[in-house]
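Here's the structure, in structure tokens; my notes come after.
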Amino acid sequence: MQRLALRALVACAVLATTLAAAGVARADVISEWNAFAQAQTIPIRPTAHGESRGMAMVEGAVYDAVNALDPDYRPYLLDLDALHAQPFGSQAAAIATAAHDVLVKIVPSGQVGAVDDKLKETLDPMPDSASKTEGMRVGAAAAAAMLKFRENDGYLAAFPFDIGSGAGDWRPVGWPFALPDPRADPDAWVANEKPFLIESPSQFRSKGPNALTSRAYEKDFDEVKSLGAIDSTTRTADQTAAAVFWQFPPIALWNQLARDQLSPRFGLDTADQARLYAIVNLAAADAAISCWNDKYYWSFWRPRAAIREAGTDGNPATVPDPNWESLFAPATQTTPPLGTPPFPDHPSGHSCLSGAVLNALADFFGRDKVEFDIVSGRSLDGVPIPKRHFERFSDALQEVVEARIWGGIHFRTADEQGAKMGKQIAQWIKTRYFEPVR
């Protein structure tokens with residue numbers, strides 16, 4: 001028995017040495033860099049879409065780097081034949097180099113030092129070796145491919161659009177701070193941004209808002225007028241909390257879920273995490289692009305304007321309230337403060353992004369029924385809103401749809417069509433990208 005135990009220990013030691021030589025990374029290296037990248041991309045502004053683009057660039061490059069060392073799945077941007085990556089390359093070195101080389105090109109200059117320090121933190125403990133050198137080479141190649149792909153991609157490019165004044169036309173009202181120009185929507189550039197995976201920003205055009213004189217519009221109107229009002233008597237306390245809870249950048253919520261709960265629960269190794277983070281962030285980025293392109297195609301008014309000016313909509317069943325205010329108003333004591341977003345209603349951005357990510361997660365894990373908790377960091381009346389628990393990915397998406405109505409900032413049709421657009425994007429990705437090659 002002692003001899004068998006000794007042999008087992010020796011075998012384990014040999015295996016560990018072999019894996020180290022082959023450059024297999026601790027799974028926490030990739031999760032650490034995902035969390036670090038998320039923190040570094042938050043200040044990329046002017047809005048959360050700068051963060052979404054940044055995370056997509058980082059995680060797309062990291063996926064390509066890890067996959068190149070052991071290509072079980074189709075590459076994203078890399079030409080594997082030209083790269084000729086060696087399987088002994090260090091995954092950890094590849095991850096750190098790919099993420100670093102992308103981040104230093106996109107974060108504010110004041111953060112570059114922190115990104116350099118993070119790279120040293122990962123690489124310095126590793127002895128100089130062919131494995132480390134090869135990992136760094138592959139990571140650098142993946143980052144270079146991503147940076148090349150995103151050159152002149154429309155980031156912060158001017159996107160002219162008209163603001164109407166008639167019934168149904170969107171106009172920016174109710175935002176808690178004044179825009180220097182009513183056409184200076186800080187998100188508008190996203191509408192023409194170059195997609196990461198889909199073919200064009202307008203590929204998944206929605207059916208559009210309901211006609212103002214339709215019964216469907218009247219139904220949506222009455223629902224948000226009642227449930228979304230700041231002084232609503234039909235919205236429950238839990239619905240109020242949920243509405244505020246979900247007014248949070250979705251890309252931050254879904255990365256945290258994938259990294260902190262799903263990856264450890266399902267025992268994902270480094271390669272699987274790389275693929276998961278890439279799918280989550282690329283799907284989210286393309287969903288934002290599709291959504292904002294659709295928003296400015298329809299340019300439909302928000303409930304706040306619609307309810308206040310219902311006397312102009314030609315529908316005798318919609319009763320105007322010139323003093324109506326949504327839950328999302330500065331008077332609602334939240335941290336940070338809320339307001340009616342300064343861009344069109346249709347479709348809902350959160351529903352688009354969450355629809356893409358949550359459907360992609362269900363595709364990745366092969367099931368919708370997965371329990372999880374979400375923490376948003378929002379406060380209401382000075383009290384942090386508790387985490388929310390879900391039994392299924394689809395349950396969370398349904399609450400996102402409802403929460404935008406409870407907040408008074410979207411009609412139901414905008415939410416449901418946004419979620420549908422997200423699902424279409426997830427299906428597109430599932431059938432065309434990240435496919436196994438063996």
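Following the order of the structure tokens, chains are lettered A, B, ..., residues in each are numbered from 1, and ligands are numbered from 1.
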
Contact residues around A:Leu123 with only C-alpha atoms at 10 Å, ignoring same-chain residues under 2 positions, as a VMD selection string: chain A and resid 92 to 94 96 to 97 117 to 121 125 to 128 132 136

Option closest in space to A:Pro341, from A:Arg302, A:Arg412, A:Arg432, A:Lys219 [counting only C-alpha atoms]: A:Arg302

Among listed residues A:Leu338, A:Ala188, A:Ala229, A:Leu262, nearest A:Trp292 (using only C-alpha atoms):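 The answer is A:Ala188, which sits nearest to A:Trp292.
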
Exercise: A:Arg235 partners within 12 Å, only C-alpha atoms, chain neighbours under 2 positions left out, as a PyMOL selection string: chain A and resi 223-233+237-243+326-327+402-403+405-408

Residue list (strand (DSSP E or B), DSSP) for stretch 256-413 of chain A, as a PyMOL selection string: chain A and resi 300+326+334-335+372-374+379-380+383-384+388-390

Convert the current residue selection to file output with C-alpha atoms, as an mmCIF file, in the first residue's frame.
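Writing done, so here's result.cif:
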data_model
loop_
_atom_site.group_PDB
_atom_site.id
_atom_site.type_symbol
_atom_site.label_atom_id
_atom_site.label_comp_id
_atom_site.auth_asym_id
_atom_site.auth_seq_id
_atom_site.Cartn_x
_atom_site.Cartn_y
_atom_site.Cartn_z
ATOM 1 C CA PHE A 300 -40.185 56.809 -30.876
ATOM 2 C CA SER A 326 -41.965 58.318 -14.128
ATOM 3 C CA THR A 334 -31.674 56.495 -5.512
ATOM 4 C CA THR A 335 -27.929 56.109 -5.648
ATOM 5 C CA PHE A 372 -28.300 32.300 -9.675
ATOM 6 C CA ASP A 373 -28.282 35.554 -7.747
ATOM 7 C CA ILE A 374 -27.626 39.053 -9.068
ATOM 8 C CA SER A 379 -29.649 51.904 -3.373
ATOM 9 C CA LEU A 380 -33.182 53.156 -2.790
ATOM 10 C CA VAL A 383 -30.755 51.450 1.620
ATOM 11 C CA PRO A 384 -28.878 48.994 -0.666
ATOM 12 C CA ARG A 388 -32.354 39.076 -6.549
ATOM 13 C CA HIS A 389 -32.626 35.327 -7.032
ATOM 14 C CA PHE A 390 -33.683 33.524 -10.200
#

Nearest to A:Pro172, chosen from A:Arg275, A:Lys207, A:His410, A:Arg304, with only C-alpha atoms counted in the distances: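 So, comparing all the options, the nearest one is A:Arg304.
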